[in-house]
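> Can you keep this structure in mind? I'll have questions shortly.
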Amino acid sequence: MSCVHYKFSSKLNYDTVTFDGLHISLSDLKRQIMGREKLKAADCDLQITNAQTKEEYTDDSALIPKNSSVIVRRIPIGGVKATSKTYVISRSEPVSGTSKAVCKNTISHFFSYTLHLVLNNAAFY
């Protein structure tokens, strides 16, 4: 029996898929992983990346050699959709105006400190 080690990017440990032969197709590997992890093909797809070379397998007929290690990520079917909704957030200014004063004081303090360092040939690290 041959095997491919896989882990989801959010997990620490690898699991193993076993098969016969020298390699497994990407589609067969996805099918086995989804079966083991109880994932439904209608809900998501799997992105498979070689753990050593960081090569992403995209062709379902691609052959993955035995004893390989891969990283698996779940991705939504159809990719990520951009939202067309626009939200307008209105904020009223504070009554006392203290936040503006604090912000201006903080910024002016930062610039005066920076100027002091520059004039004294101090290095920024």
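FYI, nothing fancy with the structure tokens labels: chains A, B, ... in order, residues from 1 per chain, ligands from 1 as they appear.
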Could you name the residues that touch A:Asp20 at 9 Å or less, counting only C-alpha atoms, but leaving out those on the same chain fewer than 5 positions away, as an MDAnalysis selection string?
chainID A and resid 1:3
> With only C-alpha atoms as the counted atoms, please give the residues lying no more than 7 Å from A:Pro65, apart from itself and same-chain residues fewer than 3 positions off, as a list of chain:residue names.
A:Leu22, A:His23, A:Ile24, A:Ser68
> Since we have the selection now, will you write its residues out, keeping C-alpha atoms, as an mmCIF file, in the first residue's frame?

```cif
data_model
loop_
_atom_site.group_PDB
_atom_site.id
_atom_site.type_symbol
_atom_site.label_atom_id
_atom_site.label_comp_id
_atom_site.auth_asym_id
_atom_site.auth_seq_id
_atom_site.Cartn_x
_atom_site.Cartn_y
_atom_site.Cartn_z
ATOM 1 C CA LEU A 22 2.905 4.687 -7.315
ATOM 2 C CA HIS A 23 0.724 7.805 -7.396
ATOM 3 C CA ILE A 24 -2.829 9.067 -6.900
ATOM 4 C CA SER A 68 4.115 12.962 -0.572
#
```
> Between atom CA of A:Ile75 and atom CA of A:Phe19, what is the distance, to one decimal in Å?
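Calculated distance between atom CA of A:Ile75 and atom CA of A:Phe19 is 24.7 Å.
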> Write out as a ChimeraX atom specification each polymer residue whose atoms come within 6 Å of stretch 8-13 of chain A, counting only C-alpha atoms; drop sequence neighbours fewer than 5 positions from it.
/A:71-73
